[in-house]
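Here is the structure we will look at.
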Amino acid sequence: MTITKSGRGRPSRAYVLAQVDIGMQDLARAGGLPSPTENEQIWRDIWFEEAHHSTAIEGNTLVLKEVRTLLAEGRSVGNKELCEYLDVQGYARAAEWVYSQAVGPGDAAWEGRGRISRTELREIHRLAVGLSWDVCPPDHPPLDSRERAGSWRVHDIAAFADGMVPPPWTEIDARVSDWLAAIDAGPGEGEHILAHLARMHNGFERIHPFRDGNGRAGRLVLNLLLVRAGYPPTVVRKAGRTRYLLAMRRADRDDPGPLAELIARGVKESLDRFLLPNLAGPVKLLPLSALERPGLTVRGLRSAAEKGTLRAQRDGAGRWMSSARWIDEYRAARRMGRPPKAPEA
């Protein structure tokens with residue numbers, strides 16, 4: 001069944017999820033999700049982006065260029081507070097471990113059982129916040145000695161501004177057990193896996209099991225579940241912070257749809273921006289969404305394909321497909337002021 005866009009506005013949620021499914025088929029044809037050992041550069045590019053945006057959502061002020069320098073060269077740039085550098089380094093350390101869990105298409109069926117453990121939840125939190133907490137521990141209220149990095153909180157949290165109230169600290173272990181059981185159960189009948197993971201991500205944040213750093217840990221946990229299912233990570237961008245928080249509030253009211261769409265858009269961006277262009281090589285056909293270049297938008301490329309000035313062809317789903325080589329030829333011809341006509345079929 002082909003799902004099309006609805007009207008002239010924003011694509012429907014079903015359309016976005018369907019595009020992810022098609023993108024995952026493209027990824028499978030390109031060999032599936034590679035491990036960081038197989039293709040380090042793809043994962044490094046995602047690593048820089050995720051470490052920057054996920055910490056920026058929580059207030060970190062390092063810009064992407066500073067994050068790249070810090071992580072790639074091990075040196076700080078600018079005069080930011082030490083704790084900001086440690087926040088990024090800790091998050092990046094946790095993300096590296098998460099990425100190491102990526103599985104290929106032969107191992108990626110959603111089987112539920114053992115998808116993530118209580119120990120791994122704690123380890124992700126320890127890796128993400130341990131460096132900064134050694135220097136700048138939370139202090140409102142002061143950190144209890146039992147609330148070290150990787151340990152559950154031992155005090156109650158007041159209601160958030162949107163009305164969400166995390167459970168009492170005495171219930172955390174039981175709530176985590178229920179959450180792990182829901183992960184093991186997998187998606188409901190007819191439920192898209194990304195909709196299931198949206199519910200799980202929101203469920204984790206509603207438990208709020210740690211003293212601080214729940215947002216960072218929760219996004220890392222989400223990406224761990226994604227890569228263990230054969231999907232690329234999703235990067236929640238700092239520019240989308242408000243939309244993300246609103247989607248979480250909707251999920252608090254048992255409407256995870258907007259959050260599922262946000263996660264799906266992030267997965268699709270990872271497919272189009274990082275994975276497919278790097279795995280396909282110069283001659284394999286890709287959707288135009290994976291072939292954008294500076295000054296060449298999807299809309300512009302589609303128009304060129306329809307006019308015949310870009311070599312492209314439609315696939316079985318009706319998408320325009322082209323290749324990196326054909327895009328380069330089109331761009332070079334444009335610079336000369338003579339976009340070529342595509343050859344007759």
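Ligands are numbered from 1 in the order shown, chains are lettered A, B, ... in the order of the structure tokens, and residues start at 1 in each chain.
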
Give one line per residue of stretch 236-305 of chain A that approaches stretch 33-50 of chain A to at most 8 Å, naming the two atoms of the closest pair and their distance in Å to one decimal, counting only C-alpha atoms; sort by chain then ascending residue number and deliver it as CSV.
```
residue,atom,partner,partner_atom,distance
A:Val236,CA,A:Glu50,CA,7.6
A:Ser270,CA,A:Ile46,CA,7.7
A:Phe274,CA,A:Ile42,CA,5.9
A:Leu275,CA,A:Ile42,CA,6.5
A:Asn278,CA,A:Ile42,CA,7.3
```

Between A:Glu261, A:Gly104, A:Ser117, A:Ala174, single out the one closest to A:Ala30, counting only C-alpha atoms.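 That would be A:Gly104, the residue with the smallest distance to A:Ala30.
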
Between A:Gly163, A:Pro233, A:Gly59, A:Pro256, which has the minimum distance to A:Gly203 (counting only C-alpha atoms)?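 Comparing A:Gly163, A:Pro233, A:Gly59, A:Pro256 against A:Gly203, the winner is A:Pro256.
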
Restricting the calculation to only C-alpha atoms, which member of A:Arg311, A:Pro258, A:Pro232, A:Tyr85 is positioned closest to A:Val98?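 Of all the options, A:Pro232 lies closest to A:Val98.
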
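Among the candidate residues A:Ala304, A:Ala260, A:Val267, A:Ala324, the one lying nearest to A:Arg13 is A:Ala260, with distances computed using only C-alpha atoms.
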
Would you return as a ChimeraX atom specification the members of stretch 44-207 of chain A that DSSP assigns to helix (DSSP H, G or I) on this structure's backbone? /A:44-57,64-73,82-99,105-107,118-135,169-185,193-207

Quick one: pull the distance between atom CA of A:Gln101 and atom CA of A:Gly130, Å, one decimal.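 Rounded to one decimal, the two atoms are 20.7 Å apart.
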
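The nearest approach to A:Pro141 among the residues A:Ala95, A:Met164, A:Ile157, A:Leu245, with only C-alpha atoms taken into account, belongs to A:Ile157.
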
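Inside stretch 182-344 of chain A, the residues DSSP reads as strand (DSSP E) when given the backbone are Leu286, Pro287, Gln313, Arg314, Trp320, Met321 and Ser322 of chain A.
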
Keeping C-alpha atoms, export the residues of the selection given above as an mmCIF file, in the first residue's frame.
```cif
data_model
loop_
_atom_site.group_PDB
_atom_site.id
_atom_site.type_symbol
_atom_site.label_atom_id
_atom_site.label_comp_id
_atom_site.auth_asym_id
_atom_site.auth_seq_id
_atom_site.Cartn_x
_atom_site.Cartn_y
_atom_site.Cartn_z
ATOM 1 C CA LEU A 286 19.302 6.975 -3.874
ATOM 2 C CA PRO A 287 16.199 9.035 -3.089
ATOM 3 C CA GLN A 313 14.355 7.827 -12.545
ATOM 4 C CA ARG A 314 11.353 6.818 -10.499
ATOM 5 C CA TRP A 320 12.698 10.160 -7.895
ATOM 6 C CA MET A 321 16.057 8.381 -7.616
ATOM 7 C CA SER A 322 19.445 9.661 -8.695
#
```

What is the distance between atom CA of A:Asp144 and atom CA of A:Leu82, in Å to one decimal?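 These two atoms are separated by 22.6 Å.
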
Restricting the calculation to only C-alpha atoms, which member of A:Ile124, A:Thr119, A:Ala161, A:Ala14 is positioned closest to A:Gly215?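 That would be A:Ile124, the residue with the smallest distance to A:Gly215.
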
Please provide as a ChimeraX atom specification all residues within 12 Å of stretch 22-24 of chain A, with the sequence filter that same-chain residues fewer than 2 positions apart are discarded (counting only C-alpha atoms). /A:1-3,15-20,26-33,104-105,108,229-232,264-265,267-273,275-277,286-290,315-319
